[in-house]
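*Asks:* For reference, the file my_file24.cif (mmCIF, C-alpha atoms and all ligand atoms) is included below:
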```cif
data_final
loop_
_atom_site.label_atom_id
_atom_site.label_comp_id
_atom_site.auth_asym_id
_atom_site.auth_seq_id
_atom_site.Cartn_x
_atom_site.Cartn_y
_atom_site.Cartn_z
CA MET A 1 -19.54 -18.23 5.54
CA LYS A 2 -17.92 -14.78 5.62
CA LYS A 3 -16.52 -13.21 2.47
CA LEU A 4 -13.62 -10.77 2.22
CA GLU A 5 -16.04 -7.91 1.48
CA ASP A 6 -17.91 -8.60 4.76
CA LEU A 7 -14.69 -8.06 6.71
CA ILE A 8 -14.11 -4.48 5.59
CA LEU A 9 -15.64 -2.51 8.44
CA THR A 10 -16.64 1.12 7.90
CA TYR A 11 -16.31 3.73 10.65
CA LYS A 12 -18.10 6.94 9.82
CA ASP A 13 -16.41 10.27 10.56
CA PHE A 14 -13.03 8.74 11.54
CA PRO A 15 -10.41 10.13 11.99
CA LYS A 16 -12.38 13.25 11.18
CA LYS A 17 -15.83 14.30 10.04
CA GLY A 18 -16.68 13.37 6.47
CA ILE A 19 -14.26 10.41 6.23
CA ASP A 20 -15.64 6.87 5.99
CA PHE A 21 -12.73 4.94 7.45
CA LYS A 22 -12.32 1.44 5.99
CA ASP A 23 -10.83 -0.86 8.62
CA VAL A 24 -8.96 -3.86 7.16
CA LEU A 25 -7.87 -5.31 10.51
CA GLU A 26 -10.94 -7.57 10.78
CA ILE A 27 -9.48 -9.66 7.92
CA LEU A 28 -6.66 -10.81 10.20
CA LYS A 29 -9.15 -12.57 12.48
CA TYR A 30 -10.06 -14.94 9.61
CA PRO A 31 -6.86 -16.75 8.56
CA ASP A 32 -8.51 -18.64 5.66
CA ILE A 33 -9.79 -15.41 4.10
CA PHE A 34 -6.52 -13.63 4.84
CA GLN A 35 -4.65 -16.45 3.09
CA GLN A 36 -6.92 -16.30 0.01
CA LEU A 37 -6.38 -12.55 -0.13
CA ILE A 38 -2.59 -12.92 0.03
CA LEU A 39 -2.65 -15.61 -2.69
CA LYS A 40 -4.65 -13.27 -4.94
CA MET A 41 -2.37 -10.30 -4.23
CA SER A 42 0.69 -12.48 -4.92
CA SER A 43 -0.49 -13.90 -8.25
CA ASN A 44 -0.17 -10.69 -10.16
CA GLN A 45 1.96 -10.48 -13.33
CA PHE A 46 3.72 -7.19 -12.60
CA LEU A 47 4.81 -8.60 -9.24
CA LYS A 48 6.49 -11.52 -11.04
CA ASN A 49 8.63 -9.05 -12.99
CA ALA A 50 9.63 -6.94 -9.96
CA GLU A 51 12.91 -7.35 -8.11
CA ALA A 52 11.37 -6.28 -4.79
CA ILE A 53 8.27 -5.11 -2.93
CA ILE A 54 8.01 -1.79 -1.12
CA SER A 55 5.30 -1.60 1.52
CA ILE A 56 3.93 1.53 3.17
CA ASP A 57 3.75 2.35 6.90
CA ALA A 58 1.84 0.90 8.69
CA ARG A 59 -1.03 -1.30 7.48
CA GLY A 60 0.81 -1.82 4.19
CA PHE A 61 3.42 -3.79 6.17
CA ILE A 62 0.82 -6.41 7.19
CA PHE A 63 -0.06 -7.23 3.59
CA GLY A 64 3.34 -6.46 2.06
CA SER A 65 5.26 -8.87 4.27
CA ALA A 66 2.77 -11.69 3.64
CA VAL A 67 2.93 -11.07 -0.14
CA ALA A 68 6.74 -10.98 0.08
CA LEU A 69 6.77 -14.41 1.76
CA GLU A 70 4.23 -15.92 -0.63
CA SER A 71 5.98 -14.58 -3.74
CA SER A 72 9.54 -15.08 -2.42
CA LYS A 73 10.37 -11.44 -3.11
CA PRO A 74 12.54 -9.18 -0.94
CA MET A 75 10.67 -6.34 0.80
CA ILE A 76 11.74 -2.85 1.82
CA VAL A 77 9.62 -0.22 3.60
CA ALA A 78 8.55 3.40 3.29
CA ARG A 79 8.05 4.87 6.76
CA LYS A 80 6.54 7.90 8.43
CA PRO A 81 8.86 10.55 9.96
CA GLY A 82 11.28 9.66 12.73
CA LYS A 83 11.09 5.88 12.35
CA LEU A 84 14.06 4.89 10.19
CA PRO A 85 17.72 4.94 11.31
CA GLY A 86 20.71 5.56 9.06
CA HIS A 87 20.86 7.58 5.87
CA ILE A 88 17.37 8.21 4.51
CA LEU A 89 15.64 9.84 1.54
CA THR A 90 12.49 11.77 2.42
CA LYS A 91 9.64 13.30 0.44
CA GLU A 92 6.67 15.37 1.56
CA TYR A 93 3.18 14.91 0.21
CA ASP A 94 -0.10 16.76 0.66
CA LEU A 95 -2.87 15.52 2.90
CA GLU A 96 -6.40 16.93 2.94
CA TYR A 97 -5.12 19.36 5.61
CA GLY A 98 -1.38 19.96 5.82
CA THR A 99 1.45 17.70 4.73
CA ASN A 100 3.13 14.45 5.73
CA SER A 101 6.29 12.73 4.62
CA LEU A 102 7.66 9.26 3.92
CA SER A 103 11.23 8.03 4.05
CA ILE A 104 13.24 5.14 2.61
CA GLN A 105 16.68 3.98 3.78
CA THR A 106 19.19 4.54 0.97
CA SER A 107 20.83 1.19 1.83
CA ALA A 108 17.48 -0.52 1.10
CA LEU A 109 17.60 0.66 -2.51
CA GLU A 110 21.11 -0.49 -3.36
CA LYS A 111 20.32 -4.00 -4.58
CA PHE A 112 17.03 -3.49 -6.42
CA ASN A 113 15.97 -1.64 -9.55
CA SER A 114 12.27 -2.46 -9.99
CA PHE A 115 9.53 -2.38 -7.40
CA VAL A 116 5.88 -3.14 -6.80
CA ILE A 117 4.22 -1.02 -4.10
CA VAL A 118 1.91 -2.76 -1.59
CA ASP A 119 -0.56 -0.88 0.63
CA ASP A 120 -3.91 -1.49 2.31
CA LEU A 121 -5.98 1.23 0.64
CA LEU A 122 -5.79 3.62 -2.30
CA ALA A 123 -7.76 6.84 -1.70
CA THR A 124 -6.49 10.05 -3.34
CA GLY A 125 -3.22 8.38 -4.38
CA GLY A 126 -1.04 10.98 -2.60
CA THR A 127 0.72 8.39 -0.44
CA VAL A 128 1.51 6.00 -3.28
CA ASN A 129 2.56 8.87 -5.52
CA CYS A 130 5.01 10.04 -2.84
CA VAL A 131 6.61 6.57 -2.70
CA SER A 132 6.81 6.31 -6.48
CA ARG A 133 8.46 9.75 -6.74
CA LEU A 134 11.01 8.75 -4.08
CA LEU A 135 11.87 5.66 -6.13
CA GLN A 136 11.83 7.36 -9.52
CA ASP A 137 14.12 10.14 -8.24
CA GLN A 138 16.65 7.37 -7.66
CA ARG A 139 16.03 6.06 -11.20
CA LYS A 140 14.18 3.01 -9.89
CA GLU A 141 11.28 1.53 -11.83
CA VAL A 142 7.78 1.26 -10.35
CA LEU A 143 5.94 -1.62 -12.04
CA GLY A 144 2.63 -1.30 -10.21
CA LEU A 145 0.59 -1.00 -7.04
CA ILE A 146 -1.17 -3.88 -5.30
CA THR A 147 -3.75 -2.74 -2.78
CA VAL A 148 -6.47 -4.48 -0.81
CA ILE A 149 -9.02 -1.68 -1.33
CA GLU A 150 -9.44 1.06 -3.90
CA LEU A 151 -11.92 3.89 -3.34
CA LYS A 152 -12.88 4.01 -6.99
CA GLU A 153 -14.82 7.30 -6.93
CA LEU A 154 -11.58 9.15 -6.21
CA LYS A 155 -10.15 7.82 -9.51
CA ALA A 156 -6.59 7.82 -8.16
CA ARG A 157 -5.51 5.09 -10.56
CA LEU A 158 -5.92 7.50 -13.47
CA LYS A 159 -3.27 9.79 -11.94
CA LEU A 160 -0.67 7.08 -11.34
CA GLY A 161 1.72 6.24 -14.15
CA PHE A 162 1.63 2.48 -13.50
CA PRO A 163 -1.01 -0.27 -13.23
CA VAL A 164 -3.11 -0.78 -10.10
CA GLU A 165 -4.35 -4.15 -8.89
CA ALA A 166 -7.10 -3.66 -6.29
CA ILE A 167 -8.68 -6.75 -4.76
CA ILE A 168 -11.76 -4.78 -3.70
CA SER A 169 -12.95 -1.69 -5.56
CA ILE A 170 -15.63 0.23 -3.66
P1 LIG B 1 -4.25 8.45 -0.08
O1 LIG B 1 -2.87 9.00 0.04
O2 LIG B 1 -5.32 9.49 -0.04
O3 LIG B 1 -4.38 7.50 -1.24
O4 LIG B 1 -4.50 7.59 1.25
C1 LIG B 1 -3.99 6.31 1.37
C2 LIG B 1 -3.47 6.02 2.74
O5 LIG B 1 -4.25 6.61 3.78
C3 LIG B 1 -3.49 4.52 2.96
O6 LIG B 1 -2.21 4.15 3.48
C4 LIG B 1 -4.61 4.27 3.94
O7 LIG B 1 -4.14 3.47 5.00
C5 LIG B 1 -5.03 5.64 4.47
N1 LIG B 1 -6.43 5.97 4.17
C6 LIG B 1 -6.89 6.98 3.38
N2 LIG B 1 -8.22 7.03 3.34
C7 LIG B 1 -8.65 6.00 4.10
C8 LIG B 1 -9.95 5.49 4.43
N3 LIG B 1 -11.08 6.05 3.96
N4 LIG B 1 -10.01 4.40 5.22
C9 LIG B 1 -8.88 3.82 5.68
N5 LIG B 1 -7.63 4.25 5.41
C10 LIG B 1 -7.51 5.33 4.63
#
```
Kindly transcribe the structure held in the file into structure tokens.
Ligand code: AMP
*Replies:*
Amino acid sequence: MKKLEDLILTYKDFPKKGIDFKDVLEILKYPDIFQQLILKMSSNQFLKNAEAIISIDARGFIFGSAVALESSKPMIVARKPGKLPGHILTKEYDLEYGTNSLSIQTSALEKFNSFVIVDDLLATGGTVNCVSRLLQDQRKEVLGLITVIELKELKARLKLGFPVEAIISI
């Protein structure tokens, strides 16, 4: 019988040398384990207090939309450049080499004041921090992050100003 931990595949030196890429897509081939994971992610207290979920492009959408259904919460998205139509708010963040940016549609923020962020993996925390700054700039509250995996050696949770629920900490 497979366990969730067995389904996190590691690819060495992807997308570049020195990175151990953790692939979460194997989980989707095991619906029972995927369902257990979503139930766990959805049972969190800070999610209960949030008005909405915000999930992050692209693997965050897989888990975020399932958690949104299970918890009956609305979901909005933070997307990479050039993907969202209409009026958007954008923020840059640092990567190991260079920068990237994430955007949110302003119309998506109108109805909600408190959010839980959902993503697949927390590494340095730069991505999640970018989303939280986008929200906080609009005076929205970030109640927490729910992630499938946390790379605990990077200690990103200590830099974030809200609680982190990681299903797997490696
Ligand atoms: P960070 O901003 O460093 O916390 O990186 C988090 C984002 O980058 C997540 O959305 C992940 O999908 C992706 N990511 C970073 N490091 C890894 C890794 N070692 N394996 C898989 N995805 C990663």
*Asks:* Around the point (6.8, 3.0, -1.0), in the coordinates given by the file, pick out the residues reaching within 6 Å, counting only C-alpha atoms, and return them as a PyMOL selection string.
*Replies:* chain A and resi 54-56+78+117+131
*Asks:* Just want the 12 Å neighbourhood of Asp20 in chain A, counted on all atoms listed in the file, with same-chain residues fewer than 2 positions away dropped. Output as a compact mmCIF listing (two decimals) with C-alpha atoms, in the frame of the given file.
*Replies:*
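Written output follows (selection_32.txt):
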```txt
# COMPACT_ATOMS: atom_id res chain seq x y z
CA ILE A 8 -14.11 -4.48 5.59
CA LEU A 9 -15.64 -2.51 8.44
CA THR A 10 -16.64 1.12 7.90
CA TYR A 11 -16.31 3.73 10.65
CA LYS A 12 -18.10 6.94 9.82
CA ASP A 13 -16.41 10.27 10.56
CA PHE A 14 -13.03 8.74 11.54
CA PRO A 15 -10.41 10.13 11.99
CA LYS A 16 -12.38 13.25 11.18
CA LYS A 17 -15.83 14.30 10.04
CA GLY A 18 -16.68 13.37 6.47
CA LYS A 22 -12.32 1.44 5.99
CA ASP A 23 -10.83 -0.86 8.62
CA ALA A 123 -7.76 6.84 -1.70
CA LEU A 151 -11.92 3.89 -3.34
CA ILE A 170 -15.63 0.23 -3.66
```
*Asks:* With all atoms listed in the file counted, collect every polymer residue having an atom within 9 Å of ligand LIG 1 (chain B); state the result as a PDB file with C-alpha atoms, keeping the file's coordinate frame.
*Replies:*
```pdb
ATOM      1  CA  THR A  10     -16.640   1.120   7.900  1.00  0.00           C
ATOM      2  CA  TYR A  11     -16.310   3.730  10.650  1.00  0.00           C
ATOM      3  CA  PHE A  14     -13.030   8.740  11.540  1.00  0.00           C
ATOM      4  CA  PRO A  15     -10.410  10.130  11.990  1.00  0.00           C
ATOM      5  CA  ILE A  19     -14.260  10.410   6.230  1.00  0.00           C
ATOM      6  CA  ASP A  20     -15.640   6.870   5.990  1.00  0.00           C
ATOM      7  CA  PHE A  21     -12.730   4.940   7.450  1.00  0.00           C
ATOM      8  CA  LYS A  22     -12.320   1.440   5.990  1.00  0.00           C
ATOM      9  CA  ASP A  23     -10.830  -0.860   8.620  1.00  0.00           C
ATOM     10  CA  VAL A  24      -8.960  -3.860   7.160  1.00  0.00           C
ATOM     11  CA  ILE A  56       3.930   1.530   3.170  1.00  0.00           C
ATOM     12  CA  ASP A  57       3.750   2.350   6.900  1.00  0.00           C
ATOM     13  CA  ALA A  58       1.840   0.900   8.690  1.00  0.00           C
ATOM     14  CA  ARG A  59      -1.030  -1.300   7.480  1.00  0.00           C
ATOM     15  CA  GLY A  60       0.810  -1.820   4.190  1.00  0.00           C
ATOM     16  CA  TYR A  93       3.180  14.910   0.210  1.00  0.00           C
ATOM     17  CA  ASP A  94      -0.100  16.760   0.660  1.00  0.00           C
ATOM     18  CA  LEU A  95      -2.870  15.520   2.900  1.00  0.00           C
ATOM     19  CA  GLU A  96      -6.400  16.930   2.940  1.00  0.00           C
ATOM     20  CA  ASP A 119      -0.560  -0.880   0.630  1.00  0.00           C
ATOM     21  CA  ASP A 120      -3.910  -1.490   2.310  1.00  0.00           C
ATOM     22  CA  LEU A 121      -5.980   1.230   0.640  1.00  0.00           C
ATOM     23  CA  LEU A 122      -5.790   3.620  -2.300  1.00  0.00           C
ATOM     24  CA  ALA A 123      -7.760   6.840  -1.700  1.00  0.00           C
ATOM     25  CA  THR A 124      -6.490  10.050  -3.340  1.00  0.00           C
ATOM     26  CA  GLY A 125      -3.220   8.380  -4.380  1.00  0.00           C
ATOM     27  CA  GLY A 126      -1.040  10.980  -2.600  1.00  0.00           C
ATOM     28  CA  THR A 127       0.720   8.390  -0.440  1.00  0.00           C
ATOM     29  CA  VAL A 128       1.510   6.000  -3.280  1.00  0.00           C
ATOM     30  CA  ASN A 129       2.560   8.870  -5.520  1.00  0.00           C
ATOM     31  CA  CYS A 130       5.010  10.040  -2.840  1.00  0.00           C
ATOM     32  CA  ILE A 149      -9.020  -1.680  -1.330  1.00  0.00           C
ATOM     33  CA  GLU A 150      -9.440   1.060  -3.900  1.00  0.00           C
ATOM     34  CA  LEU A 151     -11.920   3.890  -3.340  1.00  0.00           C
ATOM     35  CA  LEU A 154     -11.580   9.150  -6.210  1.00  0.00           C
ATOM     36  CA  ALA A 156      -6.590   7.820  -8.160  1.00  0.00           C
TER      37      ALA A 156
END
```
*Asks:* Rounded to one decimal, what separation in Å do you get between CA of Gln35 in chain A and CA of Val118 in chain A?
*Replies:*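 About the pair CA of Gln35 in chain A and CA of Val118 in chain A: they are 15.9 Å apart.
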*Asks:* As an exercise, work out the distance from CA of Lys48 in chain A to CA of Pro74 in chain A in Å and give it to one decimal place.
*Replies:*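 Interatomic distance, CA of Lys48 in chain A to CA of Pro74 in chain A: 12.0 Å.
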*Asks:* So that I can check the surroundings of Leu135 in chain A, please list as a PDB file with C-alpha atoms, in the coordinates of the input every protein, DNA and RNA residue that reaches within 10 Å of it, counting only C-alpha atoms and ignoring chain neighbours fewer than 6 positions away.
*Replies:*
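Output saved as part.pdb:
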```pdb
ATOM      1  CA  ILE A  54       8.010  -1.790  -1.120  1.00  0.00           C
ATOM      2  CA  LEU A  89      15.640   9.840   1.540  1.00  0.00           C
ATOM      3  CA  ILE A 104      13.240   5.140   2.610  1.00  0.00           C
ATOM      4  CA  LEU A 109      17.600   0.660  -2.510  1.00  0.00           C
ATOM      5  CA  ASN A 113      15.970  -1.640  -9.550  1.00  0.00           C
ATOM      6  CA  SER A 114      12.270  -2.460  -9.990  1.00  0.00           C
ATOM      7  CA  PHE A 115       9.530  -2.380  -7.400  1.00  0.00           C
ATOM      8  CA  ASN A 129       2.560   8.870  -5.520  1.00  0.00           C
ATOM      9  CA  GLU A 141      11.280   1.530 -11.830  1.00  0.00           C
ATOM     10  CA  VAL A 142       7.780   1.260 -10.350  1.00  0.00           C
TER      11      VAL A 142
END
```
*Asks:* Kindly give the distance, in Å, that separates CA of Arg133 in chain A and CA of Thr106 in chain A, rounded to a single decimal.
*Replies:* 14.2 Å
*Asks:* Asn49 in chain A: which residues within 10 Å, counting only C-alpha atoms, same-chain residues fewer than 2 positions away excluded, as a list in words?
*Replies:*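 Surrounding residues, per the criterion: Asn44, Gln45, Phe46, Leu47, Glu51, Ala52, Ser114, Phe115, Val116 and Leu143 of chain A.
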*Asks:* Go through A:Ser169, A:Ser42, A:Ser65, A:Ser107 and flag the residue nearest Lys152 in chain A, using all atoms listed in the file for the distances.
*Replies:*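 Nearest candidate to Lys152 in chain A out of A:Ser169, A:Ser42, A:Ser65, A:Ser107: A:Ser169.
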*Asks:* Check the smallest atom-to-atom distance from each of A:Val148, A:Leu84, A:Met1, A:Leu7 to Phe63 in chain A using only C-alpha atoms, then report the winner.
*Replies:*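 The shortest atom-to-atom distance to Phe63 in chain A comes from A:Val148.
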*Asks:* Measuring between all atoms listed in the file, which one of A:Lys73, A:Ile53, A:Lys140, A:Leu134 shows the shortest distance to Glu92 in chain A?
*Replies:*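 Under the stated criterion, the closest residue is A:Leu134.
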